[in-house]
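Asks: mmCIF, C-alpha atoms, saved as input_1.cif, coming up:
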```
data_run
#
loop_
_atom_site.label_atom_id
_atom_site.label_comp_id
_atom_site.auth_asym_id
_atom_site.auth_seq_id
_atom_site.Cartn_x
_atom_site.Cartn_y
_atom_site.Cartn_z
CA MET V 1 145.30 -91.50 -61.52
CA ASP V 2 145.89 -91.82 -57.78
CA VAL V 3 148.24 -90.52 -55.06
CA ALA V 4 151.17 -92.46 -56.54
CA ASP V 5 150.80 -90.36 -59.72
CA TYR V 6 150.22 -86.99 -58.05
CA VAL V 7 152.99 -86.94 -55.43
CA ILE V 8 156.48 -87.09 -56.95
CA PRO V 9 158.67 -88.41 -55.42
CA PRO V 10 156.55 -90.27 -52.84
CA SER V 11 159.00 -89.55 -49.98
CA GLU V 12 161.17 -86.48 -49.51
CA ASN V 13 162.95 -84.85 -46.58
CA ASN V 14 161.19 -81.72 -45.30
CA GLY V 15 159.17 -81.23 -48.45
CA MET V 16 157.00 -82.65 -51.18
CA PHE V 17 155.75 -81.97 -54.68
CA VAL V 18 152.07 -82.24 -55.67
CA MET V 19 151.39 -82.35 -59.40
CA THR V 20 148.52 -80.12 -60.54
CA ASN V 21 149.04 -80.14 -64.32
CA PHE V 22 151.07 -82.14 -66.81
CA VAL V 23 152.00 -82.71 -70.44
CA ARG V 24 152.47 -86.36 -71.42
CA THR V 25 154.06 -87.57 -74.65
CA ASN V 26 154.51 -91.17 -75.81
CA GLN V 27 157.75 -91.51 -77.77
CA ARG V 28 159.92 -94.02 -79.62
CA GLN V 29 163.55 -94.01 -80.75
CA SER V 30 163.38 -92.99 -84.41
CA THR V 31 163.70 -90.00 -86.75
CA CYS V 32 161.07 -87.28 -87.16
CA ALA V 33 160.55 -83.56 -87.71
CA GLU V 34 161.67 -81.09 -85.07
CA ASN V 35 159.28 -79.17 -82.86
CA ILE V 36 157.52 -76.46 -84.85
CA GLU V 37 158.05 -74.03 -81.95
CA LEU V 38 161.82 -74.16 -82.54
CA LYS V 39 162.38 -71.31 -85.00
CA GLN V 40 165.86 -72.49 -86.01
CA ALA V 41 164.32 -75.75 -87.24
CA ILE V 42 162.25 -74.06 -89.96
CA CYS V 43 163.97 -74.75 -93.28
CA LYS V 44 163.65 -74.41 -97.05
CA ASN V 45 166.35 -76.90 -98.04
CA ASP V 46 168.68 -79.51 -96.55
CA SER V 47 171.66 -77.15 -96.31
CA ILE V 48 169.99 -75.13 -93.58
CA CYS V 49 169.65 -78.24 -91.43
CA SER V 50 173.12 -79.61 -92.13
CA ASN V 51 174.95 -76.35 -91.46
CA GLN V 52 173.11 -75.49 -88.26
CA SER V 53 175.24 -75.29 -85.12
CA PHE V 54 174.26 -76.85 -81.81
CA ILE V 55 171.06 -75.52 -80.25
CA PRO V 56 170.37 -76.29 -76.56
CA THR V 57 166.63 -76.73 -77.18
CA MET V 58 166.93 -79.24 -80.04
CA ASN V 59 165.35 -82.63 -79.33
CA GLY V 60 168.08 -84.77 -80.85
CA ARG V 61 170.86 -85.03 -83.42
CA TRP V 62 169.85 -83.39 -86.68
CA THR V 63 170.24 -85.62 -89.71
CA GLY V 64 170.61 -82.77 -92.22
CA ARG V 65 167.30 -83.39 -93.97
CA CYS V 66 164.53 -80.82 -94.39
CA LEU V 67 161.13 -82.52 -94.27
CA PHE V 68 158.32 -81.13 -96.44
CA THR V 69 156.16 -84.20 -97.03
CA PRO V 70 153.66 -85.46 -94.44
CA GLU V 71 155.42 -87.56 -91.83
CA LYS V 72 153.64 -90.43 -90.14
CA ASN V 73 153.48 -90.25 -86.36
CA ILE V 74 154.91 -93.62 -85.37
CA VAL V 75 153.22 -93.60 -81.97
CA TYR V 76 149.78 -92.16 -82.62
CA GLN V 77 149.58 -93.50 -86.20
CA THR V 78 148.54 -90.11 -87.56
CA ARG V 79 149.92 -87.73 -90.17
CA SER V 80 150.96 -84.13 -89.63
CA VAL V 81 150.92 -82.14 -92.88
CA ILE V 82 153.34 -79.23 -93.24
CA THR V 83 151.97 -76.79 -95.80
CA SER V 84 153.66 -73.95 -97.73
CA SER V 85 157.24 -73.99 -98.97
CA LYS V 86 158.77 -74.25 -95.50
CA GLY V 87 159.65 -77.45 -93.74
CA LEU V 88 161.20 -78.65 -90.50
CA CYS V 89 164.61 -80.16 -89.92
CA GLU V 90 164.69 -83.86 -89.14
CA TYR V 91 166.33 -85.21 -85.98
CA ALA V 92 167.18 -88.65 -84.63
CA GLY V 93 166.06 -89.34 -81.09
CA TRP V 94 162.85 -89.70 -79.14
CA CYS V 95 159.93 -89.06 -81.50
CA PRO V 96 157.61 -87.24 -81.72
CA PRO V 97 158.84 -84.11 -79.89
CA GLU V 98 157.10 -83.00 -76.74
CA ASP V 99 153.93 -81.06 -77.36
CA GLY V 100 153.55 -77.65 -75.76
CA GLU V 101 150.84 -76.06 -73.66
CA SER V 102 148.14 -77.17 -76.08
CA SER V 103 148.14 -80.65 -74.56
CA MET V 104 148.16 -79.62 -70.88
CA MET V 105 145.89 -81.65 -68.62
CA LEU V 106 144.74 -79.87 -65.46
CA LEU V 107 143.94 -82.23 -62.61
CA GLN V 108 140.42 -81.87 -61.28
CA GLY V 109 139.67 -81.69 -57.56
CA ILE V 110 143.27 -81.00 -56.58
CA LEU V 111 142.21 -78.22 -54.19
CA ASN V 112 140.33 -80.74 -52.05
CA PHE V 113 143.43 -82.86 -51.50
CA THR V 114 144.76 -82.85 -47.93
CA VAL V 115 148.30 -82.77 -46.55
CA PHE V 116 149.17 -84.34 -43.20
CA ILE V 117 152.01 -82.30 -41.64
CA LYS V 118 153.84 -84.45 -39.10
CA THR V 119 156.86 -83.02 -37.27
CA PHE V 120 158.88 -83.96 -34.21
CA LEU V 121 160.79 -81.46 -32.08
CA GLU V 122 163.49 -81.79 -29.43
CA PHE V 123 165.09 -79.29 -27.05
CA PRO V 124 168.28 -81.19 -26.11
CA LEU V 125 169.38 -78.58 -23.56
CA PHE V 126 166.31 -79.37 -21.46
CA GLY V 127 165.90 -82.99 -22.54
CA VAL V 128 162.38 -82.38 -23.86
CA LYS V 129 160.75 -83.91 -26.95
CA THR V 130 157.38 -83.14 -28.46
CA LYS V 131 155.34 -83.36 -31.67
CA ASN V 132 152.67 -81.35 -33.44
CA MET V 133 149.98 -84.00 -32.96
CA VAL V 134 147.69 -84.60 -30.03
CA ASP V 135 147.76 -88.05 -28.47
CA ASN V 136 144.19 -88.93 -29.41
CA LEU V 137 144.31 -87.57 -32.96
CA LYS V 138 141.35 -88.58 -35.11
CA PRO V 139 140.58 -88.00 -38.81
CA CYS V 140 140.05 -84.26 -39.18
CA ILE V 141 140.65 -81.22 -41.37
CA PHE V 142 142.13 -78.02 -39.99
CA ASP V 143 139.74 -75.21 -39.17
CA PRO V 144 141.01 -71.98 -37.55
CA ILE V 145 138.02 -71.88 -35.18
CA HIS V 146 136.58 -75.35 -34.66
CA ASN V 147 139.59 -77.59 -35.26
CA LYS V 148 142.75 -75.54 -34.82
CA ASP V 149 144.85 -78.41 -33.38
CA CYS V 150 144.41 -80.59 -36.46
CA PRO V 151 147.63 -80.89 -38.54
CA ILE V 152 145.79 -81.91 -41.73
CA TYR V 153 145.40 -79.06 -44.22
CA THR V 154 143.72 -78.84 -47.60
CA ILE V 155 145.65 -77.64 -50.65
CA ASP V 156 143.01 -74.94 -51.07
CA TYR V 157 143.60 -73.52 -47.56
CA MET V 158 147.39 -73.46 -47.88
CA LEU V 159 147.23 -71.90 -51.34
CA ASN V 160 144.86 -69.16 -50.14
CA GLN V 161 147.09 -68.41 -47.15
CA ALA V 162 150.21 -68.17 -49.34
CA GLU V 163 148.68 -66.09 -52.16
CA ASP V 164 145.85 -63.56 -51.89
CA ASN V 165 145.37 -62.90 -55.60
CA SER V 166 142.93 -65.33 -57.24
CA THR V 167 144.52 -64.90 -60.69
CA GLU V 168 147.94 -65.77 -59.29
CA ARG V 169 146.48 -68.84 -57.60
CA ASP V 170 145.01 -70.07 -60.88
CA LEU V 171 148.35 -69.58 -62.62
CA MET V 172 150.11 -71.46 -59.81
CA LEU V 173 147.82 -74.43 -60.38
CA ARG V 174 148.52 -74.29 -64.11
CA TYR V 175 152.27 -73.61 -64.12
CA GLY V 176 153.32 -74.53 -60.59
CA GLY V 177 154.59 -72.64 -57.57
CA PHE V 178 156.72 -72.85 -54.43
CA ILE V 179 155.12 -72.62 -50.97
CA ASN V 180 156.91 -72.57 -47.63
CA ILE V 181 155.20 -74.12 -44.60
CA LYS V 182 156.73 -72.76 -41.41
CA LEU V 183 156.12 -74.15 -37.93
CA HIS V 184 157.30 -71.94 -35.08
CA TRP V 185 157.33 -73.16 -31.49
CA ASP V 186 157.47 -70.82 -28.48
CA CYS V 187 157.46 -73.04 -25.40
CA ASN V 188 157.40 -72.28 -21.68
CA LEU V 189 158.91 -75.43 -20.18
CA ASP V 190 157.73 -74.52 -16.68
CA ARG V 191 154.35 -75.71 -17.93
CA ASN V 192 153.35 -79.05 -19.41
CA ILE V 193 155.02 -79.55 -22.79
CA LYS V 194 151.71 -80.72 -24.25
CA LEU V 195 150.40 -77.18 -23.83
CA CYS V 196 153.01 -75.91 -26.29
CA LYS V 197 151.52 -75.71 -29.79
CA PRO V 198 153.23 -74.60 -33.01
CA LYS V 199 152.12 -71.64 -35.09
CA TYR V 200 151.65 -72.42 -38.79
CA THR V 201 152.37 -69.84 -41.48
CA PHE V 202 152.23 -70.30 -45.26
CA SER V 203 154.16 -68.07 -47.65
CA ARG V 204 154.93 -68.07 -51.35
CA LEU V 205 158.61 -68.24 -52.32
CA ASP V 206 158.53 -68.13 -56.14
CA ALA V 207 158.23 -64.86 -58.06
CA PRO V 208 154.68 -63.72 -58.93
CA PHE V 209 153.64 -64.18 -62.55
CA HIS V 210 152.73 -60.51 -63.02
CA GLU V 211 156.41 -59.62 -62.52
CA LYS V 212 157.23 -61.68 -65.63
CA PRO V 213 160.32 -63.43 -64.26
CA PHE V 214 162.76 -65.35 -66.45
CA SER V 215 161.46 -68.69 -65.17
CA VAL V 216 157.87 -68.96 -63.97
CA GLY V 217 156.24 -71.52 -61.74
CA PHE V 218 157.74 -74.89 -60.91
CA ASN V 219 158.03 -77.90 -63.20
CA PHE V 220 160.29 -80.79 -64.12
CA ARG V 221 160.33 -83.77 -66.46
CA TYR V 222 160.52 -87.46 -65.74
CA SER V 223 160.10 -90.51 -67.94
CA SER V 224 159.38 -94.21 -67.87
CA THR V 225 161.00 -96.37 -70.56
CA TRP V 226 160.41 -99.88 -71.84
CA LYS V 227 161.42 -102.14 -74.69
CA GLN V 228 159.11 -104.06 -76.99
CA ASN V 229 160.02 -106.10 -80.07
CA GLU V 230 163.59 -104.77 -79.94
CA GLU V 231 162.30 -101.19 -80.05
CA HIS V 232 162.70 -98.62 -77.30
CA PHE V 233 159.69 -96.66 -76.07
CA ARG V 234 159.13 -94.15 -73.30
CA THR V 235 156.45 -91.94 -71.81
CA LEU V 236 157.74 -88.43 -71.16
CA THR V 237 155.87 -86.38 -68.56
CA LYS V 238 156.38 -82.69 -67.89
CA ALA V 239 154.90 -82.16 -64.44
CA TYR V 240 153.68 -78.79 -63.16
CA GLY V 241 152.70 -78.47 -59.54
CA LEU V 242 153.10 -77.05 -56.08
CA ARG V 243 156.41 -77.58 -54.32
CA PHE V 244 156.01 -77.48 -50.54
CA LYS V 245 158.95 -76.90 -48.22
CA VAL V 246 158.57 -77.41 -44.46
CA THR V 247 160.75 -75.41 -42.07
CA VAL V 248 160.68 -75.66 -38.28
CA SER V 249 161.97 -73.11 -35.75
CA GLY V 250 161.41 -72.63 -32.05
CA ASN V 251 162.32 -71.09 -28.73
CA ALA V 252 162.10 -72.64 -25.29
CA GLY V 253 162.77 -71.32 -21.82
CA LYS V 254 162.74 -72.47 -18.21
CA PHE V 255 163.21 -70.67 -14.88
CA ASN V 256 166.78 -70.69 -13.52
CA PHE V 257 167.83 -68.93 -10.30
CA ILE V 258 171.44 -68.36 -11.39
CA THR V 259 170.31 -66.75 -14.61
CA LEU V 260 167.91 -64.54 -12.66
CA THR V 261 170.72 -63.38 -10.34
CA LEU V 262 173.00 -62.54 -13.26
CA ASN V 263 170.24 -60.58 -14.95
CA ILE V 264 169.53 -58.57 -11.80
CA GLY V 265 173.24 -57.72 -11.44
CA SER V 266 173.42 -56.65 -15.05
CA LEU V 267 170.33 -54.50 -14.58
CA ILE V 268 171.85 -52.71 -11.60
CA GLY V 269 175.00 -52.01 -13.60
CA ILE V 270 172.94 -50.64 -16.46
CA PHE V 271 171.14 -48.27 -14.08
CA GLY V 272 174.50 -46.94 -12.83
CA ILE V 273 175.72 -46.30 -16.35
CA ALA V 274 172.41 -44.68 -17.20
CA THR V 275 172.79 -42.18 -14.35
CA PHE V 276 176.31 -41.25 -15.46
CA VAL V 277 175.28 -40.79 -19.09
CA SER V 278 172.26 -38.71 -18.07
CA ASP V 279 174.45 -36.35 -16.04
CA ILE V 280 176.85 -35.88 -18.95
CA ILE V 281 174.01 -35.07 -21.32
CA VAL V 282 172.31 -32.60 -18.96
CA LEU V 283 175.53 -30.85 -17.90
CA TYR V 284 177.24 -30.47 -21.26
CA ILE V 285 174.66 -30.94 -24.02
CA SER V 286 171.34 -29.65 -22.69
CA LYS V 287 170.42 -26.03 -23.35
CA LYS V 288 169.37 -25.62 -19.71
CA SER V 289 172.58 -27.01 -18.29
CA GLY V 290 173.10 -23.85 -16.20
CA ALA V 291 169.90 -24.36 -14.22
CA TYR V 292 170.83 -27.96 -13.60
CA ARG V 293 174.30 -26.95 -12.35
CA GLU V 294 172.78 -24.58 -9.78
CA HIS V 295 170.77 -27.42 -8.27
CA VAL V 296 173.58 -29.96 -8.35
CA PHE V 297 176.67 -27.98 -7.35
CA GLU V 298 177.12 -25.78 -4.22
CA LYS V 299 179.08 -22.52 -4.57
CA LEU V 300 181.78 -21.75 -1.96
CA GLN V 301 182.87 -18.25 -0.82
CA LEU V 302 186.50 -18.69 -1.75
CA GLU V 303 187.40 -14.95 -1.56
CA THR V 304 186.32 -14.60 2.10
CA SER V 305 188.20 -17.69 3.05
CA LEU V 306 191.37 -16.38 1.42
CA ASP V 307 191.17 -13.03 3.30
CA GLU V 308 190.77 -14.77 6.63
CA THR V 309 193.77 -16.93 5.84
CA LYS V 310 195.91 -13.86 5.11
CA ASP V 311 194.91 -12.12 8.40
CA HIS V 312 195.67 -15.25 10.36
CA SER V 313 199.10 -15.46 8.73
CA LYS V 314 199.91 -11.82 9.61
CA LEU V 315 198.88 -12.38 13.23
CA CYS V 316 201.13 -15.42 13.51
CA VAL V 317 204.10 -13.49 12.10
CA LYS V 318 203.58 -10.62 14.56
CA LYS V 319 203.44 -12.98 17.52
CA ASN V 320 206.65 -14.63 16.44
CA GLU V 321 208.45 -11.26 16.21
CA ASP V 322 207.37 -10.25 19.76
CA GLN V 323 208.58 -13.53 21.16
CA LEU V 324 211.98 -13.12 19.52
CA LEU V 325 212.40 -9.62 21.05
CA ASN V 326 211.54 -10.89 24.52
CA ASP V 327 214.05 -13.69 24.22
CA ALA V 328 216.76 -11.26 23.16
CA SER V 329 216.15 -8.92 26.12
CA ASN V 330 216.32 -11.78 28.59
CA THR V 331 219.65 -12.84 27.16
CA ASP V 332 221.18 -9.35 27.65
CA ARG V 333 220.30 -9.36 31.30
#
```
Write out the structure in this file as structure tokens.

Replies:
Amino acid sequence: MDVADYVIPPSENNGMFVMTNFVRTNQRQSTCAENIELKQAICKNDSICSNQSFIPTMNGRWTGRCLFTPEKNIVYQTRSVITSSKGLCEYAGWCPPEDGESSMMLLQGILNFTVFIKTFLEFPLFGVKTKNMVDNLKPCIFDPIHNKDCPIYTIDYMLNQAEDNSTERDLMLRYGGFINIKLHWDCNLDRNIKLCKPKYTFSRLDAPFHEKPFSVGFNFRYSSTWKQNEEHFRTLTKAYGLRFKVTVSGNAGKFNFITLTLNIGSLIGIFGIATFVSDIIVLYISKKSGAYREHVFEKLQLETSLDETKDHSKLCVKKNEDQLLNDASNTDR
């Protein structure tokens, strides 16, 4: 097997699937016994098979027969003997049924496979484009110390970054998993854009196996069919593997005088509001508001001022009366 067999499909937007384990069954259009793992297919007579309602997991249309005698495997040319008084219902479709976990085939050396992550980024507001590769990129493998600018990662490194538990990692290789590869850019465009490098993070998205979710891992089926001597054949493959999803995010900034002026004005306004709010809190909420009032407000001697005002009013009234008397005496003369 080579890369064309491991990576399915060979090209995908923002993601890929790498097969780590599979179950492969060669089949032909015919009639045969149902899968022994299907409990509803276990029978003692034909009536059980003919009266059975539709089952989503059945492999084909049931013929109504209960098979007890050894049935010849039309593909592998072998015989599977069903002992005891119980049999299996017969179905018409692709035969034989898919085998279970007993025929799994783990792929060796998958952890040493490498993935070349190639992304392109654009900041249209500033008219800047960049990529996650250096101009003089040479064959390399990422190393956090010696080769941290290399965008080529091993499956082993990404799996270890996404999952710390070794048991979970082994189960992911056996039953599949979902890993997110995130590239985050934080660029200062006042500097050379080539100095801006993305930060890679790897995280697991599927539920851990120890939580016993309804559906574990990641798998799917695909088939290749052909026709020979007027008979239809196919190879059914159930592929388990690691599904990688690549997400890209980023921030970019550049100095702008107008933006700086607006920010300074906003800051001054915030300081003014802060002073007002602080006074309200200290004057009306603080337990020591009285001491603060003594330092802020100045007391006026209102009583003294009122007495002086009254005396001044009396003096003015007395002067007016004397003037009226003088005017009256002058008139009599």

Asks: Looking at all atoms listed in the file, which of V:Asn51, V:Asn26, V:Asn147, V:Thr247 is the one that sits closest to Arg234 in chain V?

Replies: V:Asn26

Asks: Write out as an mmCIF file with C-alpha atoms, in the frame of the given file which residues come within 10 Å of Tyr153 in chain V when counting all atoms listed in the file, dropping same-chain ones fewer than 2 positions away.

Replies:
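Result file follows (around.cif):
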```cif
data_model
loop_
_atom_site.group_PDB
_atom_site.id
_atom_site.type_symbol
_atom_site.label_atom_id
_atom_site.label_comp_id
_atom_site.auth_asym_id
_atom_site.auth_seq_id
_atom_site.Cartn_x
_atom_site.Cartn_y
_atom_site.Cartn_z
ATOM 1 C CA ASN V 112 140.330 -80.740 -52.050
ATOM 2 C CA PHE V 113 143.430 -82.860 -51.500
ATOM 3 C CA THR V 114 144.760 -82.850 -47.930
ATOM 4 C CA VAL V 115 148.300 -82.770 -46.550
ATOM 5 C CA PHE V 116 149.170 -84.340 -43.200
ATOM 6 C CA ILE V 117 152.010 -82.300 -41.640
ATOM 7 C CA CYS V 140 140.050 -84.260 -39.180
ATOM 8 C CA ILE V 141 140.650 -81.220 -41.370
ATOM 9 C CA PHE V 142 142.130 -78.020 -39.990
ATOM 10 C CA ASP V 143 139.740 -75.210 -39.170
ATOM 11 C CA CYS V 150 144.410 -80.590 -36.460
ATOM 12 C CA PRO V 151 147.630 -80.890 -38.540
ATOM 13 C CA ILE V 155 145.650 -77.640 -50.650
ATOM 14 C CA ASP V 156 143.010 -74.940 -51.070
ATOM 15 C CA TYR V 157 143.600 -73.520 -47.560
ATOM 16 C CA MET V 158 147.390 -73.460 -47.880
#
```

Asks: Under the rule that all atoms listed in the file are counted, which of V:Arg204, V:Lys131, V:Lys182, V:Lys118 is the nearest residue to Asn160 in chain V?

Replies: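 Of the candidates, the smallest distance to Asn160 in chain V is held by V:Arg204.
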
Asks: Evaluate the PyMOL selection byres ((chain V and resi 223) around 12) against this structure - the residues, as a ChimeraX atom specification, please.

Replies: /V:23-27,94,98,220-222,224-226,233-239

Asks: For CA of Asp190 in chain V and CA of Asp135 in chain V, quote the distance in Å rounded to one decimal.

Replies: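 The value is 20.5 Å.
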
Asks: Just give me the gap between CA of Leu137 in chain V and CA of Tyr200 in chain V in Å, one decimal is fine.

Replies: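 Answer for the CA of Leu137 in chain V to CA of Tyr200 in chain V separation: 17.8 Å.
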
Asks: Quick one: of V:Gly87, V:Gly217, V:Gly93, V:Gly100, who's nearest to Trp62 in chain V, counting only C-alpha atoms?

Replies: V:Gly93

Asks: Quick one: residues within 7 Å of (167.0, -77.9, -95.2) (file frame), counting all atoms listed in the file, please, as a ChimeraX atom specification.

Replies: /V:43-49,64-66,89

Asks: If you count only C-alpha atoms, which residues fall within 9 Å of Tyr292 in chain V, apart from same-chain ones fewer than 4 positions away, as a list of chain:residue names?

Replies: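 Those residues are V:Val282, V:Leu283, V:Lys288, V:Val296, V:Phe297.
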
Asks: Might you pull out every residue within 12 Å of Phe54 in chain V, with all atoms listed in the file counted and same-chain residues fewer than 6 positions away left off, and present them as a PDB file with C-alpha atoms, in the frame of the given file?

Replies:
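Output saved as part-v3.pdb:
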```pdb
ATOM      1  CA  GLN V  40     165.860 -72.490 -86.010  1.00  0.00           C
ATOM      2  CA  ALA V  41     164.320 -75.750 -87.240  1.00  0.00           C
ATOM      3  CA  GLY V  60     168.080 -84.770 -80.850  1.00  0.00           C
ATOM      4  CA  ARG V  61     170.860 -85.030 -83.420  1.00  0.00           C
ATOM      5  CA  TRP V  62     169.850 -83.390 -86.680  1.00  0.00           C
TER       6      TRP V  62
END
```

Asks: Mind giving me the straight-line distance from CA of Leu111 in chain V to CA of Leu242 in chain V in Å, one decimal?

Replies: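 Going from CA of Leu111 in chain V over to CA of Leu242 in chain V covers 11.1 Å.
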
Asks: If we count all atoms listed in the file and set the cut-off at 8 Å, which residues sit around range 164-178 of chain V, ignoring sequence neighbours fewer than 5 positions away in its own chain? Please answer as JSON, numbers by chain.

Replies: {"V": [20, 21, 106, 159, 204, 205, 206, 208, 209, 216, 217, 218, 219, 240, 241, 242, 243, 244, 245]}

Asks: Fewer than 6 positions away in the same chain doesn't count, so skip those; otherwise give me all residues within 10 Å of Ser30 in chain V, counting only C-alpha atoms, as a list in words.

Replies: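 Returned residues: Ile74, Tyr91, Ala92, Gly93, Trp94, Cys95, Pro96, Glu231, His232 and Phe233 of chain V.
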
Asks: Grab all the atoms of range 95-114 of chain V that the file lists, wrap them in a box along x, y and z, add 6 Å per side, and give me centre plus edge lengths in Å (one decimal) as AutoDock Vina command-line options.

Replies:
```
--center_x 149.8 --center_y -82.6 --center_z -64.8 --size_x 32.3 --size_y 25.0 --size_z 45.8
```

Asks: Dump C-alpha atoms of range 37-54 of chain V from the given block, as a short mmCIF file (atom, residue, chain, number, x, y, z; two decimals), in the first residue's frame.

Replies:
```cif
data_model
loop_
_atom_site.label_atom_id
_atom_site.label_comp_id
_atom_site.auth_asym_id
_atom_site.auth_seq_id
_atom_site.Cartn_x
_atom_site.Cartn_y
_atom_site.Cartn_z
CA GLU V 37 -23.30 -10.55 15.20
CA LEU V 38 -26.87 -9.57 14.22
CA LYS V 39 -28.95 -11.13 17.01
CA GLN V 40 -32.24 -10.81 15.11
CA ALA V 41 -30.79 -13.05 12.38
CA ILE V 42 -30.45 -16.08 14.68
CA CYS V 43 -33.26 -18.48 13.80
CA LYS V 44 -34.66 -21.95 14.44
CA ASN V 45 -37.00 -22.14 11.45
CA ASP V 46 -37.93 -20.26 8.28
CA SER V 47 -40.91 -18.48 9.85
CA ILE V 48 -38.64 -16.37 12.04
CA CYS V 49 -36.83 -15.06 8.97
CA SER V 50 -39.94 -14.50 6.86
CA ASN V 51 -41.89 -12.65 9.56
CA GLN V 52 -39.05 -10.37 10.63
CA SER V 53 -39.62 -6.65 10.13
CA PHE V 54 -37.04 -4.31 8.64
#
```
